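Colleague: Next comes the structure file query_4.cif, holding mmCIF, N, CA and C atoms.
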```cif
data_model
#
loop_
_atom_site.label_atom_id
_atom_site.label_comp_id
_atom_site.auth_asym_id
_atom_site.auth_seq_id
_atom_site.Cartn_x
_atom_site.Cartn_y
_atom_site.Cartn_z
N MET A 1 -76.53 1.98 32.01
CA MET A 1 -75.64 1.83 30.87
C MET A 1 -74.37 1.09 31.32
N ILE A 2 -73.93 0.17 30.50
CA ILE A 2 -72.72 -0.59 30.76
C ILE A 2 -71.62 -0.07 29.83
N GLU A 3 -70.46 0.23 30.38
CA GLU A 3 -69.33 0.66 29.55
C GLU A 3 -68.37 -0.50 29.40
N ALA A 4 -67.90 -0.73 28.17
CA ALA A 4 -66.99 -1.84 27.90
C ALA A 4 -65.86 -1.36 27.00
N THR A 5 -64.67 -1.92 27.23
CA THR A 5 -63.51 -1.57 26.41
C THR A 5 -62.90 -2.85 25.85
N SER A 6 -62.66 -2.84 24.55
CA SER A 6 -62.02 -3.97 23.87
C SER A 6 -60.84 -3.47 23.07
N CYS A 7 -59.99 -4.41 22.67
CA CYS A 7 -58.84 -4.10 21.81
C CYS A 7 -58.73 -5.20 20.78
N GLY A 8 -58.26 -4.82 19.58
CA GLY A 8 -58.14 -5.82 18.53
C GLY A 8 -57.06 -5.46 17.54
N GLY A 9 -56.93 -6.34 16.55
CA GLY A 9 -55.87 -6.15 15.58
C GLY A 9 -56.32 -6.29 14.14
N ILE A 10 -55.74 -5.44 13.31
CA ILE A 10 -55.82 -5.62 11.87
C ILE A 10 -54.50 -6.29 11.53
N VAL A 11 -54.58 -7.61 11.34
CA VAL A 11 -53.40 -8.46 11.21
C VAL A 11 -53.13 -8.70 9.73
N ILE A 12 -51.90 -8.38 9.30
CA ILE A 12 -51.54 -8.51 7.88
C ILE A 12 -50.34 -9.44 7.74
N PHE A 13 -50.44 -10.31 6.74
CA PHE A 13 -49.31 -11.15 6.35
C PHE A 13 -49.25 -11.15 4.83
N ARG A 14 -48.10 -10.71 4.30
CA ARG A 14 -47.88 -10.62 2.86
C ARG A 14 -49.04 -9.92 2.13
N GLY A 15 -49.49 -8.83 2.73
CA GLY A 15 -50.51 -7.99 2.10
C GLY A 15 -51.94 -8.44 2.31
N LYS A 16 -52.14 -9.56 2.98
CA LYS A 16 -53.51 -10.04 3.20
C LYS A 16 -53.91 -9.86 4.66
N ILE A 17 -55.23 -9.70 4.86
CA ILE A 17 -55.78 -9.35 6.17
C ILE A 17 -56.48 -10.56 6.78
N LEU A 18 -56.25 -10.76 8.07
CA LEU A 18 -56.84 -11.89 8.80
C LEU A 18 -58.26 -11.55 9.27
N LEU A 19 -59.21 -12.40 8.88
CA LEU A 19 -60.61 -12.25 9.30
C LEU A 19 -61.11 -13.52 9.96
N LEU A 20 -62.17 -13.37 10.74
CA LEU A 20 -62.84 -14.49 11.40
C LEU A 20 -64.31 -14.52 10.97
N TYR A 21 -64.84 -15.73 10.82
CA TYR A 21 -66.25 -15.89 10.50
C TYR A 21 -66.96 -16.46 11.71
N ARG A 22 -67.98 -15.76 12.18
CA ARG A 22 -68.71 -16.19 13.38
C ARG A 22 -70.08 -16.70 12.98
N ASN A 23 -70.45 -17.83 13.56
CA ASN A 23 -71.75 -18.43 13.30
C ASN A 23 -72.27 -18.92 14.65
N TYR A 24 -73.22 -18.18 15.20
CA TYR A 24 -73.76 -18.50 16.52
C TYR A 24 -75.11 -19.18 16.38
N LYS A 25 -75.19 -20.43 16.88
CA LYS A 25 -76.43 -21.22 16.81
C LYS A 25 -76.98 -21.30 15.39
N ASN A 26 -76.07 -21.57 14.44
CA ASN A 26 -76.42 -21.69 13.01
C ASN A 26 -77.08 -20.43 12.44
N LYS A 27 -76.81 -19.29 13.04
CA LYS A 27 -77.31 -18.02 12.55
C LYS A 27 -76.12 -17.23 12.00
N TYR A 28 -76.21 -16.78 10.77
CA TYR A 28 -75.13 -16.01 10.16
C TYR A 28 -74.80 -14.83 11.05
N ASP A 29 -73.56 -14.73 11.44
CA ASP A 29 -73.14 -13.62 12.28
C ASP A 29 -72.13 -12.73 11.57
N GLY A 30 -71.46 -13.26 10.56
CA GLY A 30 -70.62 -12.43 9.73
C GLY A 30 -69.13 -12.50 9.99
N TRP A 31 -68.39 -11.86 9.08
CA TRP A 31 -66.92 -11.77 9.14
C TRP A 31 -66.53 -10.57 9.97
N VAL A 32 -65.56 -10.76 10.85
CA VAL A 32 -65.11 -9.70 11.76
C VAL A 32 -63.59 -9.73 11.90
N LEU A 33 -63.07 -8.66 12.48
CA LEU A 33 -61.66 -8.59 12.86
C LEU A 33 -61.53 -9.13 14.29
N PRO A 34 -60.40 -9.74 14.63
CA PRO A 34 -60.24 -10.25 15.99
C PRO A 34 -60.13 -9.13 17.02
N LYS A 35 -60.90 -9.29 18.10
CA LYS A 35 -60.88 -8.29 19.18
C LYS A 35 -61.50 -8.91 20.42
N GLY A 36 -61.25 -8.29 21.58
CA GLY A 36 -61.84 -8.79 22.81
C GLY A 36 -61.65 -7.84 23.97
N THR A 37 -62.21 -8.23 25.09
CA THR A 37 -62.30 -7.39 26.28
C THR A 37 -60.97 -7.30 27.04
N VAL A 38 -60.70 -6.10 27.51
CA VAL A 38 -59.52 -5.84 28.34
C VAL A 38 -59.74 -6.48 29.70
N GLU A 39 -58.75 -7.26 30.14
CA GLU A 39 -58.83 -7.90 31.45
C GLU A 39 -58.17 -7.02 32.51
N GLN A 40 -58.53 -7.27 33.76
CA GLN A 40 -58.01 -6.50 34.90
C GLN A 40 -56.49 -6.44 34.85
N GLY A 41 -55.92 -5.22 34.94
CA GLY A 41 -54.48 -5.02 35.01
C GLY A 41 -53.76 -5.14 33.67
N GLU A 42 -54.50 -5.29 32.60
CA GLU A 42 -53.90 -5.49 31.28
C GLU A 42 -53.79 -4.15 30.54
N GLU A 43 -52.68 -3.94 29.86
CA GLU A 43 -52.52 -2.77 28.98
C GLU A 43 -53.20 -3.07 27.65
N PHE A 44 -53.64 -2.03 26.93
CA PHE A 44 -54.36 -2.22 25.67
C PHE A 44 -53.57 -3.04 24.64
N PRO A 45 -52.28 -2.75 24.43
CA PRO A 45 -51.54 -3.57 23.45
C PRO A 45 -51.49 -5.05 23.83
N GLU A 46 -51.36 -5.32 25.13
CA GLU A 46 -51.36 -6.72 25.60
C GLU A 46 -52.68 -7.39 25.27
N THR A 47 -53.79 -6.69 25.51
CA THR A 47 -55.11 -7.23 25.21
C THR A 47 -55.24 -7.55 23.73
N ALA A 48 -54.82 -6.61 22.89
CA ALA A 48 -54.95 -6.81 21.45
C ALA A 48 -54.18 -8.06 21.00
N LEU A 49 -52.94 -8.20 21.45
CA LEU A 49 -52.13 -9.37 21.07
C LEU A 49 -52.73 -10.67 21.63
N ARG A 50 -53.18 -10.64 22.88
CA ARG A 50 -53.77 -11.84 23.49
C ARG A 50 -55.04 -12.25 22.76
N GLU A 51 -55.90 -11.29 22.46
CA GLU A 51 -57.16 -11.61 21.79
C GLU A 51 -56.93 -12.14 20.37
N VAL A 52 -55.99 -11.54 19.65
CA VAL A 52 -55.67 -12.04 18.30
C VAL A 52 -55.21 -13.50 18.39
N PHE A 53 -54.35 -13.78 19.35
CA PHE A 53 -53.85 -15.14 19.50
C PHE A 53 -54.96 -16.10 19.94
N GLU A 54 -55.75 -15.70 20.94
CA GLU A 54 -56.82 -16.59 21.42
C GLU A 54 -57.86 -16.88 20.35
N GLU A 55 -58.27 -15.85 19.61
CA GLU A 55 -59.34 -16.04 18.64
C GLU A 55 -58.89 -16.65 17.32
N THR A 56 -57.61 -16.49 16.97
CA THR A 56 -57.15 -16.94 15.65
C THR A 56 -55.97 -17.90 15.69
N GLY A 57 -55.25 -17.95 16.81
CA GLY A 57 -54.04 -18.76 16.88
C GLY A 57 -52.85 -18.10 16.21
N ALA A 58 -53.06 -16.91 15.66
CA ALA A 58 -51.99 -16.21 14.93
C ALA A 58 -51.06 -15.49 15.90
N ARG A 59 -49.77 -15.64 15.65
CA ARG A 59 -48.76 -14.89 16.40
C ARG A 59 -48.44 -13.64 15.59
N ALA A 60 -48.50 -12.50 16.25
CA ALA A 60 -48.31 -11.24 15.53
C ALA A 60 -47.52 -10.26 16.37
N THR A 61 -47.03 -9.23 15.71
CA THR A 61 -46.30 -8.14 16.34
C THR A 61 -47.06 -6.85 16.06
N ILE A 62 -47.19 -6.01 17.08
CA ILE A 62 -47.84 -4.71 16.87
C ILE A 62 -46.89 -3.79 16.13
N ILE A 63 -47.41 -3.19 15.08
CA ILE A 63 -46.63 -2.21 14.31
C ILE A 63 -46.96 -0.80 14.81
N LYS A 64 -48.26 -0.51 14.93
CA LYS A 64 -48.64 0.82 15.43
C LYS A 64 -50.11 0.84 15.84
N TYR A 65 -50.44 1.83 16.66
CA TYR A 65 -51.82 2.07 17.08
C TYR A 65 -52.54 2.74 15.92
N ILE A 66 -53.75 2.27 15.61
CA ILE A 66 -54.52 2.82 14.48
C ILE A 66 -55.55 3.83 14.95
N GLY A 67 -56.21 3.54 16.05
CA GLY A 67 -57.25 4.44 16.55
C GLY A 67 -58.33 3.65 17.26
N LYS A 68 -59.40 4.37 17.61
CA LYS A 68 -60.49 3.71 18.32
C LYS A 68 -61.82 4.04 17.66
N CYS A 69 -62.77 3.15 17.90
CA CYS A 69 -64.13 3.42 17.44
C CYS A 69 -65.08 3.16 18.60
N ARG A 70 -66.23 3.75 18.53
CA ARG A 70 -67.25 3.59 19.58
C ARG A 70 -68.56 3.18 18.93
N TYR A 71 -69.28 2.34 19.63
CA TYR A 71 -70.62 1.97 19.20
C TYR A 71 -71.41 1.47 20.40
N SER A 72 -72.69 1.33 20.23
CA SER A 72 -73.53 0.84 21.32
C SER A 72 -74.47 -0.24 20.80
N PHE A 73 -74.89 -1.09 21.71
CA PHE A 73 -75.86 -2.13 21.39
C PHE A 73 -76.62 -2.48 22.66
N ASN A 74 -77.74 -3.13 22.47
CA ASN A 74 -78.59 -3.49 23.60
C ASN A 74 -78.43 -4.96 23.96
N VAL A 75 -78.41 -5.21 25.25
CA VAL A 75 -78.46 -6.57 25.79
C VAL A 75 -79.71 -6.60 26.67
N PRO A 76 -80.19 -7.79 27.03
CA PRO A 76 -81.44 -7.83 27.82
C PRO A 76 -81.42 -6.94 29.07
N GLU A 77 -80.27 -6.85 29.75
CA GLU A 77 -80.20 -6.08 30.99
C GLU A 77 -80.11 -4.57 30.80
N ASP A 78 -79.47 -4.13 29.70
CA ASP A 78 -79.13 -2.71 29.61
C ASP A 78 -78.63 -2.37 28.21
N LYS A 79 -78.14 -1.14 28.08
CA LYS A 79 -77.48 -0.69 26.84
C LYS A 79 -75.97 -0.72 27.10
N VAL A 80 -75.19 -1.24 26.13
CA VAL A 80 -73.74 -1.30 26.26
C VAL A 80 -73.11 -0.24 25.36
N GLU A 81 -72.27 0.59 25.95
CA GLU A 81 -71.46 1.57 25.20
C GLU A 81 -70.07 0.98 25.11
N LYS A 82 -69.62 0.68 23.89
CA LYS A 82 -68.34 -0.01 23.72
C LYS A 82 -67.33 0.87 22.99
N GLU A 83 -66.09 0.80 23.46
CA GLU A 83 -64.97 1.49 22.82
C GLU A 83 -63.96 0.41 22.45
N VAL A 84 -63.53 0.41 21.18
CA VAL A 84 -62.57 -0.59 20.72
C VAL A 84 -61.32 0.12 20.20
N HIS A 85 -60.16 -0.28 20.72
CA HIS A 85 -58.87 0.26 20.31
C HIS A 85 -58.23 -0.73 19.33
N TRP A 86 -57.76 -0.21 18.19
CA TRP A 86 -57.25 -1.07 17.11
C TRP A 86 -55.76 -0.85 16.86
N TYR A 87 -55.07 -1.95 16.56
CA TYR A 87 -53.64 -1.93 16.27
C TYR A 87 -53.37 -2.60 14.93
N LEU A 88 -52.46 -2.00 14.17
CA LEU A 88 -51.96 -2.64 12.95
C LEU A 88 -50.92 -3.66 13.41
N MET A 89 -51.06 -4.90 12.93
CA MET A 89 -50.15 -5.97 13.33
C MET A 89 -49.61 -6.71 12.12
N MET A 90 -48.42 -7.27 12.31
CA MET A 90 -47.81 -8.11 11.28
C MET A 90 -47.77 -9.54 11.81
N ALA A 91 -48.38 -10.46 11.07
CA ALA A 91 -48.38 -11.87 11.47
C ALA A 91 -47.06 -12.53 11.10
N GLU A 92 -46.73 -13.60 11.82
CA GLU A 92 -45.51 -14.35 11.53
C GLU A 92 -45.69 -15.32 10.37
N SER A 93 -46.95 -15.72 10.10
CA SER A 93 -47.23 -16.68 9.03
C SER A 93 -48.70 -16.57 8.63
N TYR A 94 -49.11 -17.40 7.66
CA TYR A 94 -50.51 -17.46 7.26
C TYR A 94 -51.35 -18.33 8.20
N TYR A 95 -50.74 -18.89 9.22
CA TYR A 95 -51.47 -19.80 10.11
C TYR A 95 -52.61 -19.08 10.83
N SER A 96 -53.76 -19.74 10.89
CA SER A 96 -54.85 -19.29 11.74
C SER A 96 -55.76 -20.48 12.03
N LYS A 97 -56.34 -20.44 13.22
CA LYS A 97 -57.27 -21.49 13.64
C LYS A 97 -58.36 -20.80 14.45
N PRO A 98 -59.60 -20.79 13.96
CA PRO A 98 -60.67 -20.07 14.66
C PRO A 98 -61.00 -20.68 16.02
N GLN A 99 -61.28 -19.82 16.98
CA GLN A 99 -61.61 -20.25 18.34
C GLN A 99 -63.07 -20.71 18.40
N LYS A 100 -63.26 -22.01 18.47
CA LYS A 100 -64.61 -22.60 18.46
C LYS A 100 -65.45 -22.15 19.65
N GLU A 101 -64.81 -21.96 20.82
CA GLU A 101 -65.55 -21.57 22.03
C GLU A 101 -66.27 -20.23 21.88
N GLU A 102 -65.74 -19.40 20.98
CA GLU A 102 -66.36 -18.09 20.72
C GLU A 102 -67.24 -18.12 19.46
N PHE A 103 -67.54 -19.35 18.99
CA PHE A 103 -68.40 -19.57 17.83
C PHE A 103 -67.79 -19.11 16.51
N PHE A 104 -66.46 -19.03 16.45
CA PHE A 104 -65.79 -18.75 15.19
C PHE A 104 -65.62 -20.09 14.47
N VAL A 105 -66.10 -20.16 13.24
CA VAL A 105 -66.06 -21.42 12.51
C VAL A 105 -65.09 -21.40 11.33
N ASP A 106 -64.59 -20.20 11.00
CA ASP A 106 -63.63 -20.10 9.91
C ASP A 106 -62.75 -18.89 10.13
N SER A 107 -61.56 -18.94 9.55
CA SER A 107 -60.65 -17.80 9.59
C SER A 107 -59.76 -17.90 8.37
N GLY A 108 -59.21 -16.77 7.98
CA GLY A 108 -58.30 -16.79 6.84
C GLY A 108 -57.83 -15.40 6.49
N TYR A 109 -56.86 -15.38 5.59
CA TYR A 109 -56.27 -14.12 5.13
C TYR A 109 -56.84 -13.77 3.76
N TYR A 110 -57.26 -12.51 3.61
CA TYR A 110 -57.92 -12.06 2.38
C TYR A 110 -57.28 -10.79 1.84
N LYS A 111 -57.33 -10.66 0.52
CA LYS A 111 -56.87 -9.42 -0.10
C LYS A 111 -57.73 -8.27 0.42
N PHE A 112 -57.18 -7.05 0.35
CA PHE A 112 -57.87 -5.90 0.93
C PHE A 112 -59.31 -5.77 0.44
N HIS A 113 -59.52 -5.79 -0.89
CA HIS A 113 -60.88 -5.55 -1.39
C HIS A 113 -61.84 -6.67 -0.98
N GLU A 114 -61.32 -7.90 -0.84
CA GLU A 114 -62.17 -9.00 -0.37
C GLU A 114 -62.52 -8.79 1.10
N ALA A 115 -61.51 -8.50 1.91
CA ALA A 115 -61.73 -8.30 3.34
C ALA A 115 -62.70 -7.15 3.58
N TYR A 116 -62.51 -6.07 2.85
CA TYR A 116 -63.35 -4.88 3.01
C TYR A 116 -64.82 -5.23 2.79
N HIS A 117 -65.10 -5.99 1.74
CA HIS A 117 -66.49 -6.33 1.41
C HIS A 117 -67.05 -7.45 2.28
N LEU A 118 -66.18 -8.29 2.84
CA LEU A 118 -66.64 -9.36 3.73
C LEU A 118 -67.01 -8.83 5.11
N LEU A 119 -66.30 -7.82 5.59
CA LEU A 119 -66.52 -7.33 6.96
C LEU A 119 -67.97 -6.87 7.16
N LYS A 120 -68.54 -7.32 8.27
CA LYS A 120 -69.95 -7.04 8.56
C LYS A 120 -70.17 -5.61 9.04
N TYR A 121 -69.25 -5.06 9.81
CA TYR A 121 -69.47 -3.76 10.47
C TYR A 121 -68.71 -2.63 9.79
N SER A 122 -69.41 -1.51 9.62
CA SER A 122 -68.81 -0.35 8.94
C SER A 122 -67.64 0.22 9.74
N ASN A 123 -67.71 0.20 11.09
CA ASN A 123 -66.60 0.75 11.87
C ASN A 123 -65.34 -0.10 11.69
N GLU A 124 -65.49 -1.40 11.49
CA GLU A 124 -64.32 -2.25 11.24
C GLU A 124 -63.78 -1.99 9.83
N ARG A 125 -64.65 -1.71 8.88
CA ARG A 125 -64.18 -1.36 7.52
C ARG A 125 -63.38 -0.06 7.56
N GLN A 126 -63.84 0.91 8.35
CA GLN A 126 -63.11 2.18 8.48
C GLN A 126 -61.73 1.96 9.08
N MET A 127 -61.64 1.14 10.11
CA MET A 127 -60.33 0.85 10.73
C MET A 127 -59.44 0.09 9.76
N LEU A 128 -60.02 -0.81 8.99
CA LEU A 128 -59.25 -1.55 7.98
C LEU A 128 -58.67 -0.59 6.95
N GLU A 129 -59.47 0.36 6.48
CA GLU A 129 -58.98 1.34 5.51
C GLU A 129 -57.79 2.11 6.06
N ARG A 130 -57.92 2.57 7.30
CA ARG A 130 -56.86 3.35 7.94
C ARG A 130 -55.59 2.50 8.09
N ALA A 131 -55.75 1.28 8.59
CA ALA A 131 -54.60 0.40 8.82
C ALA A 131 -53.93 0.01 7.51
N TYR A 132 -54.73 -0.28 6.50
CA TYR A 132 -54.15 -0.72 5.22
C TYR A 132 -53.41 0.43 4.54
N SER A 133 -53.92 1.62 4.69
CA SER A 133 -53.23 2.79 4.16
C SER A 133 -51.86 2.95 4.82
N ASP A 134 -51.81 2.78 6.14
CA ASP A 134 -50.54 2.85 6.86
C ASP A 134 -49.60 1.72 6.41
N TYR A 135 -50.16 0.53 6.23
CA TYR A 135 -49.37 -0.62 5.76
C TYR A 135 -48.74 -0.30 4.40
N LEU A 136 -49.54 0.24 3.47
CA LEU A 136 -49.02 0.55 2.14
C LEU A 136 -47.92 1.61 2.20
N GLU A 137 -48.08 2.60 3.08
CA GLU A 137 -47.07 3.64 3.23
C GLU A 137 -45.77 3.05 3.79
N LEU A 138 -45.88 2.17 4.77
CA LEU A 138 -44.68 1.52 5.32
C LEU A 138 -43.99 0.66 4.26
N ARG A 139 -44.76 -0.02 3.44
CA ARG A 139 -44.18 -0.82 2.36
C ARG A 139 -43.47 0.08 1.35
N ARG A 140 -44.13 1.20 1.02
CA ARG A 140 -43.55 2.14 0.05
C ARG A 140 -42.20 2.65 0.53
N ARG A 141 -42.09 2.85 1.84
CA ARG A 141 -40.85 3.36 2.42
C ARG A 141 -39.90 2.23 2.85
N ASN A 142 -40.20 0.99 2.44
CA ASN A 142 -39.39 -0.19 2.77
C ASN A 142 -39.21 -0.37 4.28
N LEU A 143 -40.24 -0.04 5.05
CA LEU A 143 -40.17 -0.20 6.50
C LEU A 143 -41.00 -1.37 7.00
N TRP A 144 -41.91 -1.89 6.20
CA TRP A 144 -42.74 -3.02 6.63
C TRP A 144 -41.85 -4.26 6.77
N GLY A 145 -41.93 -4.88 7.92
CA GLY A 145 -41.13 -6.09 8.14
C GLY A 145 -39.74 -5.83 8.66
N SER A 146 -39.38 -4.56 8.77
CA SER A 146 -38.06 -4.25 9.34
C SER A 146 -38.27 -3.80 10.79
N ARG A 147 -37.31 -4.01 11.60
CA ARG A 147 -37.41 -3.62 13.00
C ARG A 147 -37.16 -2.11 13.18
N LYS A 148 -36.90 -1.42 12.06
CA LYS A 148 -36.62 0.02 12.15
C LYS A 148 -37.83 0.80 12.61
N TYR A 149 -39.02 0.27 12.31
CA TYR A 149 -40.22 1.05 12.57
C TYR A 149 -40.80 0.84 13.97
N TYR A 150 -40.65 -0.35 14.51
CA TYR A 150 -41.30 -0.64 15.80
C TYR A 150 -40.33 -1.20 16.81
#
```
Show me this structure written as structure tokens.

Modeller:
Amino acid sequence: MIEATSCGGIVIFRGKILLLYRNYKNKYDGWVLPKGTVEQGEEFPETALREVFEETGARATIIKYIGKCRYSFNVPEDKVEKEVHWYLMMAESYYSKPQKEEFFVDSGYYKFHEAYHLLKYSNERQMLERAYSDYLELRRRNLWGSRKYY
């Protein structure tokens, strides 16, 4: 069994969520949240910010830790047990550019209900629900976008 750890972000700008569309070898792979593998000596928040930037070109600030999810999948060599740590982030703008090297062919910001239904994986939908709920609470308390919270 191979153990892997990744970190990613639920990136929000003006109420919309940043998603990536992956298409590997012309095979539909689906809409996902940006995430990637922790590198040697890297802290989880650093990984999340780096991966969001590498995969989307978006500059963001971490607002808070949302939680983690676990899942497994098979690769030819073995079974992979993966743990992903998620952060709620605020983007600086609507800018995004999908990372072609990782087979991302599109990216963009979507309203919550659109993003929720576009996301391919149920664990990412669960993290989106949690993060968006926190986002709405911060907005309600006039803390979203202020440096008072983070």

Colleague: In Å, with one decimal, what is the gap from atom N of Glu114 (chain A) to CA of Leu19 (chain A)?

Modeller: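 Those two atoms sit 11.1 Å apart.
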
Colleague: A:Glu43, A:Lys27, A:Ala131, A:Glu3: which is nearest Gly67 (chain A), counting only N, CA and C atoms?

Modeller: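 So, comparing all the options, the nearest one is A:Ala131.
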
Colleague: Find the residues around Phe73 (chain A) up to 12 Å (only C-alpha atoms counted), leave out those fewer than 4 positions away in its own chain, and share them as an MDAnalysis selection string.

Modeller: chainID A and resid 1:4 77:83

Colleague: Taking the file as shown, find all residues satisfying the PyMOL selection byres ((chain A and resi 91) around 7) and write them as a PyMOL selection string.

Modeller: chain A and resi 11-14+58-61+89-90+92-94

Colleague: Work out how far apart CA of Ala48 (chain A) and atom C of Asn74 (chain A) are and give it in Å to one decimal.

Modeller: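 Answer for the CA of Ala48 (chain A) to atom C of Asn74 (chain A) separation: 23.7 Å.
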
Colleague: Please, what distance in Å, to one decimal, runs between CA of Asn23 (chain A) and atom N of Arg70 (chain A)?

Modeller: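 Here the two named atoms are 23.4 Å from each other.
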
Colleague: With DSSP run on the backbone, what are the alpha helix (DSSP H) residues within region 104-136 of chain A? I'd like them as an NGL selection string.

Modeller: :A and (112-118 or 122-136)

Colleague: Limited to N, CA and C atoms, could you put the picked residues into a file as a JSON list (two decimals), keeping the file's coordinate frame?

Modeller:
```json
[["chain", "number", "residue", "atom", "x", "y", "z"],
["A", 112, "PHE", "N", -57.18, -7.05, 0.35],
["A", 112, "PHE", "CA", -57.87, -5.90, 0.93],
["A", 112, "PHE", "C", -59.31, -5.77, 0.44],
["A", 113, "HIS", "N", -59.52, -5.79, -0.89],
["A", 113, "HIS", "CA", -60.88, -5.55, -1.39],
["A", 113, "HIS", "C", -61.84, -6.67, -0.98],
["A", 114, "GLU", "N", -61.32, -7.90, -0.84],
["A", 114, "GLU", "CA", -62.17, -9.00, -0.37],
["A", 114, "GLU", "C", -62.52, -8.79, 1.10],
["A", 115, "ALA", "N", -61.51, -8.50, 1.91],
["A", 115, "ALA", "CA", -61.73, -8.30, 3.34],
["A", 115, "ALA", "C", -62.70, -7.15, 3.58],
["A", 116, "TYR", "N", -62.51, -6.07, 2.85],
["A", 116, "TYR", "CA", -63.35, -4.88, 3.01],
["A", 116, "TYR", "C", -64.82, -5.23, 2.79],
["A", 117, "HIS", "N", -65.10, -5.99, 1.74],
["A", 117, "HIS", "CA", -66.49, -6.33, 1.41],
["A", 117, "HIS", "C", -67.05, -7.45, 2.28],
["A", 118, "LEU", "N", -66.18, -8.29, 2.84],
["A", 118, "LEU", "CA", -66.64, -9.36, 3.73],
["A", 118, "LEU", "C", -67.01, -8.83, 5.11],
["A", 122, "SER", "N", -69.41, -1.51, 9.62],
["A", 122, "SER", "CA", -68.81, -0.35, 8.94],
["A", 122, "SER", "C", -67.64, 0.22, 9.74],
["A", 123, "ASN", "N", -67.71, 0.20, 11.09],
["A", 123, "ASN", "CA", -66.60, 0.75, 11.87],
["A", 123, "ASN", "C", -65.34, -0.10, 11.69],
["A", 124, "GLU", "N", -65.49, -1.40, 11.49],
["A", 124, "GLU", "CA", -64.32, -2.25, 11.24],
["A", 124, "GLU", "C", -63.78, -1.99, 9.83],
["A", 125, "ARG", "N", -64.65, -1.71, 8.88],
["A", 125, "ARG", "CA", -64.18, -1.36, 7.52],
["A", 125, "ARG", "C", -63.38, -0.06, 7.56],
["A", 126, "GLN", "N", -63.84, 0.91, 8.35],
["A", 126, "GLN", "CA", -63.11, 2.18, 8.48],
["A", 126, "GLN", "C", -61.73, 1.96, 9.08],
["A", 127, "MET", "N", -61.64, 1.14, 10.11],
["A", 127, "MET", "CA", -60.33, 0.85, 10.73],
["A", 127, "MET", "C", -59.44, 0.09, 9.76],
["A", 128, "LEU", "N", -60.02, -0.81, 8.99],
["A", 128, "LEU", "CA", -59.25, -1.55, 7.98],
["A", 128, "LEU", "C", -58.67, -0.59, 6.95],
["A", 129, "GLU", "N", -59.47, 0.36, 6.48],
["A", 129, "GLU", "CA", -58.98, 1.34, 5.51],
["A", 129, "GLU", "C", -57.79, 2.11, 6.06],
["A", 130, "ARG", "N", -57.92, 2.57, 7.30],
["A", 130, "ARG", "CA", -56.86, 3.35, 7.94],
["A", 130, "ARG", "C", -55.59, 2.50, 8.09],
["A", 131, "ALA", "N", -55.75, 1.28, 8.59],
["A", 131, "ALA", "CA", -54.60, 0.40, 8.82],
["A", 131, "ALA", "C", -53.93, 0.01, 7.51],
["A", 132, "TYR", "N", -54.73, -0.28, 6.50],
["A", 132, "TYR", "CA", -54.15, -0.72, 5.22],
["A", 132, "TYR", "C", -53.41, 0.43, 4.54],
["A", 133, "SER", "N", -53.92, 1.62, 4.69],
["A", 133, "SER", "CA", -53.23, 2.79, 4.16],
["A", 133, "SER", "C", -51.86, 2.95, 4.82],
["A", 134, "ASP", "N", -51.81, 2.78, 6.14],
["A", 134, "ASP", "CA", -50.54, 2.85, 6.86],
["A", 134, "ASP", "C", -49.60, 1.72, 6.41],
["A", 135, "TYR", "N", -50.16, 0.53, 6.23],
["A", 135, "TYR", "CA", -49.37, -0.62, 5.76],
["A", 135, "TYR", "C", -48.74, -0.30, 4.40],
["A", 136, "LEU", "N", -49.54, 0.24, 3.47],
["A", 136, "LEU", "CA", -49.02, 0.55, 2.14],
["A", 136, "LEU", "C", -47.92, 1.61, 2.20]]
```

Colleague: Counting only C-alpha atoms, which of A:Ser133, A:Asn123, A:Asn142, A:Ser107 gets nearest to Lys68 (chain A)?

Modeller: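 Once distances to Lys68 (chain A) are computed over only C-alpha atoms, the minimum belongs to A:Asn123.
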
Colleague: To verify the selection step, state as a PyMOL selection string which residues the PyMOL selection byres ((chain A and resi 99) around 8) yields on this input.

Modeller: chain A and resi 20+53-57+96-98+100-107

Colleague: With 3 Å added on each side, what axis-aligned box encloses every listed atom of region 55-59 of chain A? Give the centre and edge lengths in Å to one decimal, as AutoDock Vina command-line options.

Modeller:
```
--center_x -53.9 --center_y -16.2 --center_z 17.3 --size_x 16.9 --size_y 11.1 --size_z 10.7
```

Colleague: Given only C-alpha atoms as the basis, pick out the residue of A:Thr47, A:Leu18, A:Val38, A:Val84 nearest to Ser72 (chain A).

Modeller: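 Of all the options, A:Val84 lies closest to Ser72 (chain A).
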